[in-house]
$ cat coords_18.cif   # mmCIF, C-alpha atoms
data_entry
loop_
_atom_site.label_atom_id
_atom_site.label_comp_id
_atom_site.auth_asym_id
_atom_site.auth_seq_id
_atom_site.Cartn_x
_atom_site.Cartn_y
_atom_site.Cartn_z
CA MET A 13 -11.45 21.76 6.85
CA PHE A 14 -13.50 18.95 8.43
CA VAL A 15 -17.23 19.07 9.03
CA VAL A 16 -17.98 16.83 12.01
CA MET A 17 -21.57 15.62 11.99
CA ALA A 18 -23.50 14.95 15.18
CA GLY A 19 -23.79 11.31 16.18
CA ASN A 20 -27.53 11.32 15.47
CA ALA A 21 -27.29 13.22 12.15
CA SER A 22 -29.56 11.77 9.48
CA GLU A 23 -28.53 10.72 5.99
CA ALA A 24 -30.50 13.67 4.62
CA GLU A 25 -28.52 16.07 6.81
CA VAL A 26 -25.22 14.56 5.63
CA LEU A 27 -26.38 14.93 2.01
CA GLY A 28 -27.39 18.53 2.73
CA VAL A 29 -23.88 19.39 3.92
CA LYS A 30 -22.28 17.70 0.92
CA SER A 31 -24.61 19.57 -1.43
CA ALA A 32 -23.67 22.89 0.18
CA ILE A 33 -19.97 22.08 -0.27
CA LEU A 34 -20.47 21.13 -3.92
CA ALA A 35 -22.39 24.36 -4.50
CA GLU A 36 -19.24 26.26 -3.48
CA GLY A 37 -17.20 24.48 -6.15
CA LEU A 38 -15.44 22.36 -3.53
CA THR A 39 -15.29 18.57 -3.11
CA PRO A 40 -16.69 16.69 -0.09
CA TYR A 41 -15.23 13.33 1.00
CA ASP A 42 -17.13 11.66 3.79
CA HIS A 43 -16.07 8.97 6.21
CA ALA A 44 -18.72 7.21 8.27
CA GLY A 45 -17.02 6.12 11.49
CA PRO A 46 -18.54 4.01 14.26
CA ASP A 47 -19.78 7.05 16.17
CA ARG A 48 -20.20 9.85 13.64
CA THR A 49 -19.57 10.96 10.06
CA VAL A 50 -16.76 13.34 9.18
CA ILE A 51 -16.74 15.24 5.87
CA ALA A 52 -13.47 16.59 4.51
CA VAL A 53 -13.81 19.75 2.41
CA VAL A 54 -11.14 19.85 -0.30
CA GLY A 55 -10.39 22.69 -2.68
CA ASP A 56 -9.19 26.29 -2.84
CA MET A 57 -11.30 28.33 -0.43
CA GLY A 58 -9.21 31.49 -0.33
CA SER A 59 -10.89 34.42 1.38
CA ARG A 60 -14.21 32.52 1.51
CA ARG A 61 -12.99 30.31 4.35
CA PRO A 62 -14.41 32.26 7.37
CA ALA A 63 -17.82 32.74 5.76
CA LEU A 64 -17.90 29.12 4.61
CA VAL A 65 -17.05 27.86 8.11
CA GLU A 66 -19.90 29.93 9.52
CA ARG A 67 -22.35 28.74 6.86
CA LEU A 68 -21.52 25.05 7.23
CA ALA A 69 -21.58 25.21 11.05
CA ALA A 70 -25.15 26.49 10.90
CA LEU A 71 -26.47 23.59 8.80
CA PRO A 72 -28.72 20.96 10.46
CA GLY A 73 -26.85 17.97 11.89
CA VAL A 74 -23.44 19.68 12.05
CA GLN A 75 -21.64 19.38 15.39
CA ALA A 76 -18.48 21.33 14.53
CA VAL A 77 -16.30 22.64 11.71
CA THR A 78 -12.59 22.22 12.38
CA PRO A 79 -9.41 23.05 10.44
CA ILE A 80 -7.25 20.34 8.88
CA ASN A 81 -3.85 20.50 10.51
CA SER A 82 -1.94 18.40 7.97
CA PRO A 83 -1.47 18.94 4.22
CA PHE A 84 -2.54 15.32 3.62
CA LYS A 85 -6.22 15.14 4.42
CA LEU A 86 -7.92 11.92 3.32
CA THR A 87 -4.98 9.77 4.43
CA SER A 88 -4.80 11.40 7.88
CA ARG A 89 -6.04 9.95 11.15
CA GLU A 90 -7.82 13.24 11.79
CA PHE A 91 -10.21 12.35 8.98
CA HIS A 92 -10.21 8.56 9.41
CA PRO A 93 -9.30 7.56 13.01
CA GLU A 94 -9.82 3.81 12.49
CA ALA A 95 -7.19 1.68 10.79
CA THR A 96 -7.95 0.79 7.18
CA VAL A 97 -8.14 -2.97 6.66
CA ILE A 98 -7.71 -4.31 3.13
CA ARG A 99 -9.00 -7.73 2.12
CA ILE A 100 -7.85 -9.47 -1.07
CA LEU A 101 -8.99 -13.05 -1.62
CA ASP A 102 -7.95 -14.80 1.63
CA ALA A 103 -5.36 -12.20 2.63
CA VAL A 104 -6.10 -9.44 5.14
CA ILE A 105 -3.75 -6.47 5.49
CA GLY A 106 -3.89 -4.08 8.42
CA ASP A 107 -6.04 -6.06 10.87
CA GLY A 108 -3.20 -6.75 13.30
CA GLY A 109 -2.18 -10.00 11.60
CA LEU A 110 1.10 -10.64 9.79
CA THR A 111 1.24 -10.02 6.04
CA VAL A 112 4.17 -11.62 4.20
CA MET A 113 4.65 -10.74 0.53
CA ALA A 114 7.27 -13.00 -1.05
CA GLY A 115 8.47 -14.03 -4.48
CA PRO A 116 11.12 -13.33 -7.09
CA CYS A 117 12.39 -9.89 -8.03
CA SER A 118 11.65 -10.78 -11.67
CA VAL A 119 9.51 -13.48 -13.21
CA GLU A 120 12.11 -15.21 -15.37
CA SER A 121 10.18 -18.31 -16.48
CA ARG A 122 7.03 -20.26 -15.69
CA GLU A 123 9.01 -22.99 -13.94
CA GLN A 124 11.02 -20.54 -11.81
CA LEU A 125 7.88 -18.69 -10.69
CA PHE A 126 5.89 -21.83 -9.86
CA GLU A 127 8.75 -23.34 -7.85
CA THR A 128 9.06 -20.12 -5.87
CA ALA A 129 5.31 -19.61 -5.45
CA GLU A 130 4.73 -23.12 -4.13
CA GLY A 131 7.72 -22.83 -1.80
CA VAL A 132 6.74 -19.52 -0.23
CA ALA A 133 3.09 -20.56 0.05
CA ALA A 134 4.09 -23.72 1.91
CA ALA A 135 6.24 -21.64 4.29
CA GLY A 136 3.37 -19.28 5.18
CA ALA A 137 3.51 -16.35 2.74
CA THR A 138 0.18 -14.56 2.33
CA VAL A 139 0.83 -12.64 -0.93
CA LEU A 140 2.90 -13.63 -4.00
CA ARG A 141 5.16 -10.92 -5.43
CA GLY A 142 6.87 -11.00 -8.81
CA GLY A 143 8.11 -8.41 -11.27
CA ALA A 144 6.67 -8.43 -14.78
CA PHE A 145 7.85 -4.98 -15.91
CA LYS A 146 11.19 -4.09 -14.35
CA PRO A 147 12.57 -0.54 -14.06
CA ARG A 148 16.37 -0.97 -14.29
CA THR A 149 19.13 1.57 -13.91
CA SER A 150 20.88 0.21 -17.01
CA PRO A 151 18.97 -0.01 -20.31
CA TYR A 152 20.94 -3.19 -21.03
CA SER A 153 19.72 -5.09 -17.95
CA PHE A 154 16.84 -7.60 -17.96
CA GLN A 155 13.58 -5.63 -18.22
CA GLY A 156 11.13 -8.42 -17.36
CA LEU A 157 8.85 -10.63 -19.44
CA GLY A 158 5.94 -8.18 -19.49
CA VAL A 159 2.48 -9.56 -20.24
CA GLU A 160 3.84 -13.10 -20.42
CA ALA A 161 4.91 -12.76 -16.78
CA LEU A 162 1.47 -11.43 -15.83
CA ARG A 163 -0.10 -14.57 -17.24
CA TYR A 164 2.31 -16.73 -15.23
CA LEU A 165 1.48 -14.78 -12.07
CA ALA A 166 -2.25 -15.28 -12.60
CA GLU A 167 -1.68 -19.00 -13.11
CA ALA A 168 0.46 -19.15 -9.95
CA ARG A 169 -2.41 -17.51 -8.03
CA GLU A 170 -4.73 -20.29 -9.17
CA ARG A 171 -2.22 -22.95 -8.08
CA THR A 172 -1.44 -21.49 -4.64
CA GLY A 173 -4.46 -19.35 -3.71
CA LEU A 174 -2.15 -16.42 -2.97
CA PRO A 175 -3.16 -12.97 -4.25
CA VAL A 176 -0.59 -11.40 -6.58
CA ILE A 177 1.24 -8.08 -6.36
CA THR A 178 3.31 -6.68 -9.23
CA GLU A 179 4.62 -3.31 -10.30
CA VAL A 180 3.00 -0.99 -12.82
CA MET A 181 5.35 1.58 -14.33
CA GLU A 182 3.21 3.91 -16.45
CA PRO A 183 -0.45 4.87 -16.90
CA SER A 184 -0.79 2.90 -20.14
CA GLN A 185 0.02 -0.33 -18.23
CA VAL A 186 -2.58 0.12 -15.50
CA ASP A 187 -5.51 -1.66 -17.16
CA ILE A 188 -3.56 -4.69 -18.34
CA VAL A 189 -1.76 -5.14 -15.00
CA ALA A 190 -5.05 -4.72 -13.10
CA GLU A 191 -6.59 -7.44 -15.25
CA TYR A 192 -4.08 -10.01 -13.95
CA ALA A 193 -2.87 -8.72 -10.55
CA ASP A 194 -4.67 -8.27 -7.23
CA ILE A 195 -2.47 -5.44 -5.90
CA LEU A 196 -0.76 -2.80 -8.02
CA GLN A 197 2.68 -1.71 -6.85
CA ILE A 198 4.08 1.78 -7.42
CA GLY A 199 7.87 1.65 -7.22
CA THR A 200 10.20 4.12 -5.55
CA ARG A 201 11.07 5.91 -8.81
CA ASN A 202 7.39 6.52 -9.55
CA MET A 203 6.26 7.70 -6.12
CA GLN A 204 5.76 11.21 -7.51
CA ASN A 205 4.59 10.20 -10.99
CA TYR A 206 1.29 12.01 -10.51
CA SER A 207 -0.38 10.82 -13.72
CA LEU A 208 0.34 7.22 -12.68
CA LEU A 209 -0.91 7.84 -9.12
CA THR A 210 -4.15 9.27 -10.51
CA ALA A 211 -4.54 6.34 -12.91
CA VAL A 212 -4.21 3.67 -10.19
CA GLY A 213 -6.60 5.71 -8.06
CA ARG A 214 -9.32 5.03 -10.61
CA VAL A 215 -9.20 1.22 -10.67
CA ALA A 216 -10.75 -1.32 -8.33
CA ARG A 217 -7.47 -2.75 -7.06
CA PRO A 218 -5.53 -2.02 -3.87
CA VAL A 219 -2.28 -0.11 -4.44
CA MET A 220 1.02 -0.49 -2.61
CA LEU A 221 2.96 2.76 -2.71
CA LYS A 222 6.69 2.45 -2.09
CA ARG A 223 8.49 5.38 -0.51
CA GLY A 224 10.70 7.35 -2.88
CA TYR A 225 14.35 6.79 -2.01
CA GLY A 226 14.76 10.54 -1.44
CA ALA A 227 11.27 11.32 -0.14
CA THR A 228 10.20 12.69 3.21
CA ILE A 229 7.30 11.09 5.07
CA GLU A 230 5.09 14.08 4.24
CA GLU A 231 5.91 13.83 0.52
CA TRP A 232 5.12 10.11 0.67
CA LEU A 233 1.73 10.72 2.28
CA MET A 234 0.96 13.47 -0.20
CA ALA A 235 1.62 10.94 -2.99
CA ALA A 236 -0.82 8.55 -1.29
CA GLU A 237 -3.31 11.44 -1.16
CA TYR A 238 -3.31 11.52 -4.97
CA ILE A 239 -4.47 7.90 -5.07
CA VAL A 240 -7.09 8.23 -2.34
CA SER A 241 -8.49 11.51 -3.69
CA SER A 242 -8.88 9.85 -7.11
CA GLY A 243 -11.31 7.37 -5.56
CA ASN A 244 -9.23 4.45 -4.28
CA PRO A 245 -9.03 4.25 -0.46
CA ASN A 246 -7.20 0.90 -0.49
CA VAL A 247 -3.58 2.05 -0.26
CA ILE A 248 -0.69 0.24 1.44
CA LEU A 249 2.51 2.13 2.30
CA CYS A 250 5.87 0.37 1.88
CA GLU A 251 9.07 1.56 3.56
CA ARG A 252 11.88 0.29 1.32
CA GLY A 253 14.81 2.35 2.52
CA ILE A 254 16.03 5.84 1.70
CA ARG A 255 19.27 7.06 0.18
CA THR A 256 21.79 8.41 2.71
CA PHE A 257 25.57 8.88 2.80
CA GLU A 258 25.97 5.19 3.79
CA THR A 259 27.17 3.00 0.92
CA TYR A 260 27.62 -0.39 2.59
CA THR A 261 23.92 -1.18 2.23
CA ARG A 262 21.84 -0.48 -0.85
CA ASN A 263 19.69 1.99 1.11
CA THR A 264 19.12 2.93 4.74
CA MET A 265 16.00 1.34 6.20
CA ASP A 266 14.05 3.98 8.13
CA LEU A 267 12.34 1.95 10.85
CA THR A 268 11.32 5.18 12.59
CA ALA A 269 8.90 5.75 9.71
CA VAL A 270 6.72 2.83 10.82
CA PRO A 271 5.49 4.18 14.19
CA VAL A 272 5.50 7.73 12.80
CA LEU A 273 3.15 6.65 10.01
CA HIS A 274 0.86 4.78 12.37
CA GLY A 275 0.41 8.01 14.28
CA LEU A 276 -0.24 10.09 11.16
CA THR A 277 -2.28 7.83 8.86
CA HIS A 278 -4.86 5.07 8.90
CA LEU A 279 -3.19 3.23 6.02
CA PRO A 280 -1.37 -0.09 6.63
CA VAL A 281 2.45 -0.09 6.53
CA ILE A 282 4.73 -2.77 5.06
CA VAL A 283 8.56 -2.91 5.18
CA ASP A 284 10.80 -4.19 2.39
CA PRO A 285 14.18 -5.24 3.85
CA SER A 286 15.35 -6.71 0.52
CA HIS A 287 15.53 -3.35 -1.25
CA ALA A 288 16.45 -1.53 1.94
CA THR A 289 19.64 -3.53 2.52
CA GLY A 290 20.55 -5.14 -0.81
CA LYS A 291 22.19 -8.02 1.10
CA ARG A 292 20.40 -11.28 1.76
CA ARG A 293 22.05 -11.87 5.16
CA LEU A 294 20.52 -8.59 6.40
CA VAL A 295 16.97 -9.33 5.25
CA GLN A 296 15.90 -11.43 8.25
CA PRO A 297 17.18 -9.10 11.00
CA MET A 298 15.64 -6.06 9.31
CA ALA A 299 12.36 -7.90 8.76
CA LEU A 300 12.32 -8.60 12.50
CA GLY A 301 13.14 -4.95 13.15
CA GLY A 302 10.21 -3.85 10.99
CA ILE A 303 7.80 -6.13 12.84
CA GLY A 304 9.19 -4.91 16.14
CA ALA A 305 8.55 -1.32 15.06
CA GLY A 306 4.90 -2.21 14.41
CA ALA A 307 4.76 -2.86 10.65
CA ASP A 308 1.73 -4.73 9.34
CA GLY A 309 3.97 -7.02 7.33
CA VAL A 310 7.07 -7.50 5.23
CA MET A 311 7.89 -7.85 1.55
CA VAL A 312 10.93 -9.97 0.68
CA GLU A 313 12.45 -11.28 -2.53
CA VAL A 314 12.83 -15.05 -2.85
CA HIS A 315 14.37 -17.10 -5.67
CA PRO A 316 15.00 -20.87 -5.88
CA ARG A 317 18.61 -20.19 -6.94
CA PRO A 318 19.45 -16.56 -6.15
CA ASP A 319 22.94 -16.66 -7.63
CA GLU A 320 21.38 -17.42 -11.03
CA ALA A 321 18.78 -14.62 -10.80
CA LEU A 322 18.61 -12.17 -13.70
CA SER A 323 18.13 -9.21 -11.34
CA ASP A 324 19.02 -8.31 -7.75
CA SER A 325 20.65 -11.67 -7.03
CA GLU A 326 22.51 -10.36 -3.94
CA GLN A 327 19.35 -9.49 -2.00
CA GLN A 328 17.13 -12.49 -2.77
CA LEU A 329 16.65 -15.26 -0.23
CA ASP A 330 16.64 -18.89 -1.29
CA LEU A 331 13.74 -21.08 -0.14
CA PRO A 332 15.52 -22.57 2.91
CA MET A 333 16.45 -19.04 4.06
CA PHE A 334 12.85 -17.92 3.63
CA ARG A 335 11.57 -20.87 5.66
CA SER A 336 14.12 -20.08 8.37
CA MET A 337 13.02 -16.44 8.44
CA MET A 338 9.35 -17.41 8.72
CA ALA A 339 10.12 -19.81 11.59
CA VAL A 340 11.42 -16.82 13.57
CA LEU A 341 9.17 -14.05 12.24
CA VAL A 342 5.78 -15.68 12.86
CA PRO A 343 6.19 -16.48 16.60
CA ILE A 344 7.86 -13.14 17.33
CA HIS A 345 5.01 -11.27 15.64
CA ALA A 346 2.47 -13.31 17.60
CA GLN A 347 4.23 -12.60 20.89
CA LEU A 348 4.53 -8.88 20.17
CA ARG A 349 0.85 -8.73 19.27
CA ARG A 350 -0.10 -10.42 22.54
CA LEU A 351 2.09 -8.04 24.53
CA ARG A 352 0.60 -4.98 22.83
CA GLU A 353 -2.94 -6.21 23.37
CA THR A 354 -2.24 -7.09 27.00
CA ALA A 355 -0.68 -3.71 27.65
CA GLY A 356 -3.59 -2.00 25.95
CA GLY A 357 -1.14 0.31 24.25
CA ALA A 358 -2.08 -0.36 20.64
CA GLU A 359 -2.68 2.98 18.95
CA ARG A 360 -4.76 1.41 16.19
CA ALA A 361 -8.09 -0.40 16.15
CA PRO A 362 -7.12 -3.69 14.47
CA ASP A 363 -10.39 -5.48 13.86
CA ARG A 364 -12.49 -2.69 12.40
CA PRO A 365 -12.35 -2.56 8.60
CA VAL A 366 -13.58 0.84 7.45
CA ALA A 367 -13.27 2.40 4.01
CA ALA A 368 -14.13 5.99 3.18
CA THR A 369 -17.04 6.64 0.86
CA ARG A 370 -16.95 9.36 -1.74
CA PRO A 371 -19.31 11.04 -4.16
CA ALA A 372 -19.16 9.77 -7.72
CA ALA A 373 -16.12 7.58 -6.97
CA PRO A 374 -15.41 4.40 -8.93
CA ALA A 375 -16.02 1.01 -7.38
CA LYS A 376 -13.63 -0.03 -4.60
CA SER A 377 -11.97 -3.41 -4.20
CA THR A 378 -14.01 -6.01 -2.38
CA PRO A 379 -12.99 -9.48 -1.21
CA GLY A 380 -12.43 -11.64 -4.26
CA ASP A 381 -13.56 -8.87 -6.59
CA ARG A 382 -12.05 -9.69 -9.99
CA PRO A 383 -13.33 -9.21 -13.54
CA PRO A 384 -13.19 -12.21 -15.85
CA ALA A 385 -10.13 -12.51 -18.06
CA GLY A 386 -10.30 -9.98 -20.86
CA ALA A 387 -13.00 -7.90 -19.19
CA ALA A 388 -12.65 -4.12 -19.02
CA VAL A 389 -11.31 -2.90 -15.71
CA PRO A 390 -13.65 -0.40 -13.96
CA ARG A 391 -12.37 3.16 -14.27
#

$ encode --input "coords_18.cif" --output "structure tokens"
Amino acid sequence: MFVVMAGNASEAEVLGVKSAILAEGLTPYDHAGPDRTVIAVVGDMGSRRPALVERLAALPGVQAVTPINSPFKLTSREFHPEATVIRILDAVIGDGGLTVMAGPCSVESREQLFETAEGVAAAGATVLRGGAFKPRTSPYSFQGLGVEALRYLAEARERTGLPVITEVMEPSQVDIVAEYADILQIGTRNMQNYSLLTAVGRVARPVMLKRGYGATIEEWLMAAEYIVSSGNPNVILCERGIRTFETYTRNTMDLTAVPVLHGLTHLPVIVDPSHATGKRRLVQPMALGGIGAGADGVMVEVHPRPDEALSDSEQQLDLPMFRSMMAVLVPIHAQLRRLRETAGGAERAPDRPVAATRPAAPAKSTPGDRPPAGAAVPR
């Protein structure tokens, strides 16, 4: 249920409601919006629900107690009507601007990464992607350079100024990846790895959660709920295609998910046409399709010499192809944004960064927030 506080409710009244919820063995999560505070009540209420609704409604400062209509609570727009905006170094995700995450599928060498990083930065990328630990279908395929690749990614960030996103595959990797990377990526195979979701929910780094290739939108949002309920409100959703009966493309890119998500959740949404299609000639048109559907940005794989890549060579753009895509993507995004703003039909509030606050939660990411090398990551 949600406890909606009156617009003039005092901090003491908000604390009084949260204390009453805690006394019932339940957990309060509060979101202070521009007009009022909403407190989500999470936990098993059972037969106590009617009496609890009556008790909370009678507390000072409470305007109303309403049911939660969706199984995902903290990620819903019912709880958090404003769009979440995530800031990492100079990059801003979810404010209505265009986010472009680009880089190689796998970090293969220092030289390969730096050539790619400098090329995508010059073409207008806002985030550098690169795989350090690679989940591969075959145990005999290239598995990534591991910590060595993380060091290269951190060095590339210093050279280009681009924040870094890379995948973390298991809870034991979370601290070391968070030491070097700015955004932690959860891949499609780990979307329902609940111990991993809980672990990344306890660190001060934004998390990009890729949709499971067989997951429904509700299952995807419930996975995001694990991260947010563990204390980390800075979650990005990534549509990377789902498995269907079609075999010509690697997956089927579900563009419908983008506007559906914007209606259901306050979290920003990214599309990944590289993994969705598996064919480099399809990456640009599907990136344009994602932006047309209202995505906050795109993630694409780029390699200086894709045919020599150690993984996913067929879906990686070369640098001239990436520059060509950006030359089309940037003006189209700008025009679509102008049209939406002129029409006044935008369903989201783009320039209002709001993050939920929670009792006893670990520190959240802040602009430029980064521990020194070797420092313990907050948990």

$ resolve_selection --input "coords_18.cif" --expression "the PyMOL selection byres ((chain A and resi 137-140) around 8)" --output "PyMOL selection string"
chain A and resi 103+111-115+129+132-136+141-142+169+174-177

$ closest_residue --input "coords_18.cif" --among "A:Phe334, A:Phe84, A:Tyr164, A:Phe257" --to "Thr277 in chain A" --atoms "all atoms listed in the file"
A:Phe84

$ residues_around --input "coords_18.cif" --residues "Met337 in chain A" --least-positions-apart "5" --cutoff "9 Å" --atoms "all atoms listed in the file" --output "short mmCIF file (atom, residue, chain, number, x, y, z; two decimals) with C-alpha atoms, in the frame of the given file"
data_model
loop_
_atom_site.label_atom_id
_atom_site.label_comp_id
_atom_site.auth_asym_id
_atom_site.auth_seq_id
_atom_site.Cartn_x
_atom_site.Cartn_y
_atom_site.Cartn_z
CA VAL A 295 16.97 -9.33 5.25
CA GLN A 296 15.90 -11.43 8.25
CA PRO A 297 17.18 -9.10 11.00
CA ALA A 299 12.36 -7.90 8.76
CA LEU A 300 12.32 -8.60 12.50
CA PRO A 332 15.52 -22.57 2.91
CA VAL A 342 5.78 -15.68 12.86
#

$ residues_around --input "coords_18.cif" --residues "Arg262 in chain A" --least-positions-apart "5" --cutoff "7 Å" --atoms "only C-alpha atoms" --output "count of residues only"
4

$ residues_around --input "coords_18.cif" --residues "Ile254 in chain A" --least-positions-apart "3" --cutoff "10 Å" --atoms "all atoms listed in the file" --output "list of chain:residue names"
A:Thr200, A:Arg223, A:Gly224, A:Tyr225, A:Gly226, A:Ala227, A:Thr228, A:Glu251, A:Arg262, A:Asn263, A:Thr264, A:Met265, A:Asp266, A:His287, A:Ala288

$ closest_residue --input "coords_18.cif" --among "A:Ala236, A:Val53, A:Leu157, A:Leu64" --to "Ser88 in chain A" --atoms "only C-alpha atoms"
A:Ala236

$ atom_distance --input "coords_18.cif" --atom1 "CA of Ile239 in chain A" --atom2 "CA of Pro183 in chain A"
12.9 Å

$ resolve_selection --input "coords_18.cif" --expression "the PyMOL selection byres ((chain A and resi 198) around 7)" --output "number ranges by chain"
A: 179-180, 196-197, 199-200, 202-203, 220-222

$ resolve_selection --input "coords_18.cif" --expression "the PyMOL selection byres ((chain A and resi 247) around 6)" --output "ChimeraX atom specification"
/A:218-220,245-246,248

$ build_atoms --input "coords_18.cif" --residues "range 85-92 of chain A" --atoms "all heavy atoms" --output "mmCIF file, keeping the file's coordinate frame"
data_model
loop_
_atom_site.group_PDB
_atom_site.id
_atom_site.type_symbol
_atom_site.label_atom_id
_atom_site.label_comp_id
_atom_site.auth_asym_id
_atom_site.auth_seq_id
_atom_site.Cartn_x
_atom_site.Cartn_y
_atom_site.Cartn_z
ATOM 1 N N LYS A 85 -4.920 15.058 3.769
ATOM 2 C CA LYS A 85 -6.220 15.140 4.420
ATOM 3 C C LYS A 85 -6.912 13.788 4.495
ATOM 4 O O LYS A 85 -7.228 13.284 5.575
ATOM 5 C CB LYS A 85 -7.089 16.152 3.679
ATOM 6 C CG LYS A 85 -6.456 17.554 3.630
ATOM 7 C CD LYS A 85 -7.178 18.473 2.693
ATOM 8 C CE LYS A 85 -6.562 19.864 2.702
ATOM 9 N NZ LYS A 85 -5.150 19.882 2.238
ATOM 10 N N LEU A 86 -7.153 13.163 3.356
ATOM 11 C CA LEU A 86 -7.920 11.920 3.320
ATOM 12 C C LEU A 86 -7.137 10.743 3.880
ATOM 13 O O LEU A 86 -7.723 9.751 4.309
ATOM 14 C CB LEU A 86 -8.357 11.618 1.887
ATOM 15 C CG LEU A 86 -9.109 12.742 1.182
ATOM 16 C CD1 LEU A 86 -9.506 12.320 -0.219
ATOM 17 C CD2 LEU A 86 -10.342 13.155 1.980
ATOM 18 N N THR A 87 -5.801 10.843 3.878
ATOM 19 C CA THR A 87 -4.980 9.770 4.430
ATOM 20 C C THR A 87 -4.672 9.976 5.908
ATOM 21 O O THR A 87 -4.003 9.144 6.518
ATOM 22 C CB THR A 87 -3.658 9.646 3.648
ATOM 23 O OG1 THR A 87 -2.977 10.900 3.682
ATOM 24 C CG2 THR A 87 -3.924 9.258 2.203
ATOM 25 N N SER A 88 -5.150 11.070 6.496
ATOM 26 C CA SER A 88 -4.800 11.400 7.880
ATOM 27 C C SER A 88 -5.720 10.692 8.870
ATOM 28 O O SER A 88 -6.869 10.349 8.561
ATOM 29 C CB SER A 88 -4.900 12.905 8.106
ATOM 30 O OG SER A 88 -6.256 13.320 8.134
ATOM 31 N N ARG A 89 -5.208 10.512 10.088
ATOM 32 C CA ARG A 89 -6.040 9.950 11.150
ATOM 33 C C ARG A 89 -7.050 10.968 11.671
ATOM 34 O O ARG A 89 -8.036 10.587 12.306
ATOM 35 C CB ARG A 89 -5.169 9.454 12.297
ATOM 36 C CG ARG A 89 -4.573 8.078 12.036
ATOM 37 C CD ARG A 89 -4.175 7.387 13.325
ATOM 38 N NE ARG A 89 -3.599 6.087 13.059
ATOM 39 C CZ ARG A 89 -4.291 4.961 12.959
ATOM 40 N NH1 ARG A 89 -5.617 4.994 13.090
ATOM 41 N NH2 ARG A 89 -3.689 3.811 12.728
ATOM 42 N N GLU A 90 -6.822 12.236 11.417
ATOM 43 C CA GLU A 90 -7.820 13.240 11.790
ATOM 44 C C GLU A 90 -9.126 12.982 11.056
ATOM 45 O O GLU A 90 -10.213 13.118 11.627
ATOM 46 C CB GLU A 90 -7.307 14.644 11.451
ATOM 47 C CG GLU A 90 -6.128 15.114 12.270
ATOM 48 C CD GLU A 90 -5.641 16.473 11.796
ATOM 49 O OE1 GLU A 90 -4.824 16.520 10.862
ATOM 50 O OE2 GLU A 90 -6.099 17.481 12.356
ATOM 51 N N PHE A 91 -9.020 12.620 9.788
ATOM 52 C CA PHE A 91 -10.210 12.350 8.980
ATOM 53 C C PHE A 91 -10.743 10.944 9.220
ATOM 54 O O PHE A 91 -11.950 10.724 9.260
ATOM 55 C CB PHE A 91 -9.861 12.535 7.497
ATOM 56 C CG PHE A 91 -10.948 12.121 6.538
ATOM 57 C CD1 PHE A 91 -12.181 12.756 6.543
ATOM 58 C CD2 PHE A 91 -10.736 11.099 5.627
ATOM 59 C CE1 PHE A 91 -13.185 12.374 5.655
ATOM 60 C CE2 PHE A 91 -11.731 10.716 4.737
ATOM 61 C CZ PHE A 91 -12.956 11.357 4.748
ATOM 62 N N HIS A 92 -9.857 9.980 9.394
ATOM 63 C CA HIS A 92 -10.210 8.560 9.410
ATOM 64 C C HIS A 92 -9.487 7.918 10.593
ATOM 65 O O HIS A 92 -8.416 7.335 10.442
ATOM 66 C CB HIS A 92 -9.742 7.951 8.083
ATOM 67 C CG HIS A 92 -10.257 6.583 7.779
ATOM 68 N ND1 HIS A 92 -10.199 5.538 8.666
ATOM 69 C CD2 HIS A 92 -10.812 6.076 6.655
ATOM 70 C CE1 HIS A 92 -10.694 4.450 8.095
ATOM 71 N NE2 HIS A 92 -11.071 4.743 6.879
#
